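Visitor: Before I ask anything, let me first share the structure, which is written out below as structure tokens.
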Amino acid sequence: MDTDAELRIDAPHRELLDQILDKWSLDVLNELCERPCRFNELRRAIPQVTQKSLTATLRRLERNGVIEREVVSTRPVAVRYRITPIGKTLRHPIDVLLEWASQNMPAIADAREAFDVREEESGR
């Protein structure tokens with residue numbers, strides 16, 4: 001894609017989208033759009049995520065300015081995560097992508113099944 005009128009997907013764009021749309025980020029963003037959460041609240045809300053993966057996801061989202069980390073001076077000290085203003089702007093495009101996926105899943109499932117049958121018949 002090399003014209004100004006066309007959408008450009010350069011390395012920085014791809015890296016950012018990979019980080020925002022990765023395996024756990026959408027779940028984390030979904031939770032944080034509802035309310036700020038502590039780490040363990042996120043773990044309970046997303047039971048499939050490991051502690052290591054959740055930590056890595058939170059760090060990536062924080063680095064990209066999508067969420068912020070707040071140290072709460074309680075005993076013991078706690079950390080709370082919240083969505084940032086730039087993170088809130090992700091809600092609409094993500095909702096559009098999820099709606100597209102919902103509307104097209106039957107056709108995609110059919111395409112996958114047809115592809116798998118062709119692959120099996122061709123012996124690949």
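Each chain of the structure tokens is named A, B, ... in the order shown, its residues numbered from 1; ligands are numbered from 1 in display order.
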Give me the residues within 9 Å of range 19-32 of chain A as a VMD selection string, counting only C-alpha atoms and dropping any in the same chain fewer than 6 places off.
Guide: chain A and resid 42 45 to 46 49 53 to 54 57 to 58 60 to 61 64 66 to 67 81 to 83 87 to 88 90 to 91 94
Visitor: Could the residues in this selection be written to a file with N, CA and C atoms, as a compact mmCIF listing (two decimals), in the first residue's frame?
Guide:
# COMPACT_ATOMS: atom_id res chain seq x y z
N LEU A 42 -8.96 -8.89 38.28
CA LEU A 42 -8.83 -9.26 36.87
C LEU A 42 -8.60 -10.76 36.72
N ALA A 45 -11.90 -12.41 37.14
CA ALA A 45 -12.80 -12.10 36.02
C ALA A 45 -12.39 -12.85 34.75
N ILE A 46 -11.11 -13.17 34.63
CA ILE A 46 -10.58 -13.88 33.46
C ILE A 46 -9.85 -15.13 33.96
N VAL A 49 -6.60 -16.92 32.25
CA VAL A 49 -5.31 -16.26 32.10
C VAL A 49 -4.39 -16.63 33.27
N SER A 53 0.90 -14.30 32.20
CA SER A 53 0.31 -13.70 31.00
C SER A 53 -0.44 -12.42 31.32
N LEU A 54 -1.15 -12.40 32.45
CA LEU A 54 -1.87 -11.19 32.83
C LEU A 54 -0.90 -10.06 33.12
N THR A 57 0.43 -8.78 29.82
CA THR A 57 -0.62 -8.04 29.11
C THR A 57 -0.80 -6.66 29.72
N LEU A 58 -0.87 -6.58 31.03
CA LEU A 58 -1.04 -5.29 31.70
C LEU A 58 0.14 -4.36 31.41
N ARG A 60 2.12 -4.39 28.75
CA ARG A 60 2.04 -3.94 27.35
C ARG A 60 0.99 -2.85 27.19
N LEU A 61 -0.17 -3.05 27.78
CA LEU A 61 -1.24 -2.05 27.68
C LEU A 61 -0.84 -0.75 28.36
N ASN A 64 1.66 1.17 26.22
CA ASN A 64 1.01 1.81 25.08
C ASN A 64 0.06 2.93 25.49
N VAL A 66 -2.72 2.72 27.14
CA VAL A 66 -4.12 2.32 27.07
C VAL A 66 -4.73 2.15 28.46
N ILE A 67 -3.90 1.72 29.39
CA ILE A 67 -4.33 1.62 30.79
C ILE A 67 -3.29 2.32 31.65
N TYR A 81 -5.73 -0.98 38.32
CA TYR A 81 -5.58 -0.64 36.91
C TYR A 81 -6.86 0.01 36.43
N ARG A 82 -6.70 1.03 35.57
CA ARG A 82 -7.87 1.70 34.99
C ARG A 82 -7.58 2.04 33.55
N ILE A 83 -8.65 2.18 32.80
CA ILE A 83 -8.54 2.56 31.39
C ILE A 83 -8.19 4.04 31.31
N GLY A 87 -7.41 4.84 25.93
CA GLY A 87 -7.94 3.48 25.96
C GLY A 87 -9.44 3.44 25.74
N LYS A 88 -10.14 4.44 26.26
CA LYS A 88 -11.59 4.49 26.07
C LYS A 88 -11.95 4.65 24.61
N LEU A 90 -10.77 3.08 22.23
CA LEU A 90 -10.72 1.77 21.58
C LEU A 90 -12.07 1.06 21.60
N ARG A 91 -12.95 1.46 22.49
CA ARG A 91 -14.22 0.74 22.66
C ARG A 91 -14.99 0.62 21.35
N ILE A 94 -13.32 -1.67 18.58
CA ILE A 94 -13.35 -3.07 19.01
C ILE A 94 -14.77 -3.61 18.92
Visitor: Please extract the residues of range 31-117 of chain A with a backbone DSSP assignment of alpha helix (DSSP H) and present them as a PyMOL selection string.
Guide: chain A and resi 31-34+39-45+51-63+85-88+91-117
Visitor: What does the structure give for the distance between CA of Cys37 in chain A and CA of Arg75 in chain A, in Å to one decimal?
Guide: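 According to the coordinates, CA of Cys37 in chain A and CA of Arg75 in chain A are separated by 17.0 Å.
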Visitor: Given the choices A:Ala114, A:Ile86, A:Ile108, A:Val77, which gets closest to Arg38 in chain A if the distance is worked out from only C-alpha atoms?
Guide: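 So, comparing all the options, the nearest one is A:Val77.
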Visitor: In Å, how far is it from CA of His13 in chain A to CA of Glu34 in chain A?
Guide: 26.4 Å
Visitor: One number please: CA of Leu16 in chain A to CA of Arg63 in chain A, in Å, one decimal.
Guide: 10.5 Å
Visitor: Quick one: DSSP strand (DSSP E or B) residues in chain A, as a PDB file with C-alpha atoms, in the first residue's frame?
Guide:
ATOM      1  CA  CYS A  37      -9.759  -3.342  38.950  1.00  0.00           C
ATOM      2  CA  ARG A  38      -7.029  -4.739  41.105  1.00  0.00           C
ATOM      3  CA  ILE A  67      -4.334   1.625  30.791  1.00  0.00           C
ATOM      4  CA  GLU A  68      -2.714   3.151  33.836  1.00  0.00           C
ATOM      5  CA  ARG A  69      -1.416   1.550  36.984  1.00  0.00           C
ATOM      6  CA  GLU A  70      -2.165   3.206  40.309  1.00  0.00           C
ATOM      7  CA  VAL A  71      -0.520   2.203  43.573  1.00  0.00           C
ATOM      8  CA  VAL A  72      -3.120   2.401  46.334  1.00  0.00           C
ATOM      9  CA  ALA A  78      -2.403  -2.638  46.356  1.00  0.00           C
ATOM     10  CA  VAL A  79      -2.272  -1.855  42.663  1.00  0.00           C
ATOM     11  CA  ARG A  80      -5.332  -0.835  40.691  1.00  0.00           C
ATOM     12  CA  TYR A  81      -5.582  -0.636  36.915  1.00  0.00           C
ATOM     13  CA  ARG A  82      -7.866   1.695  34.995  1.00  0.00           C
ATOM     14  CA  ILE A  83      -8.542   2.557  31.392  1.00  0.00           C
TER      15      ILE A  83
END
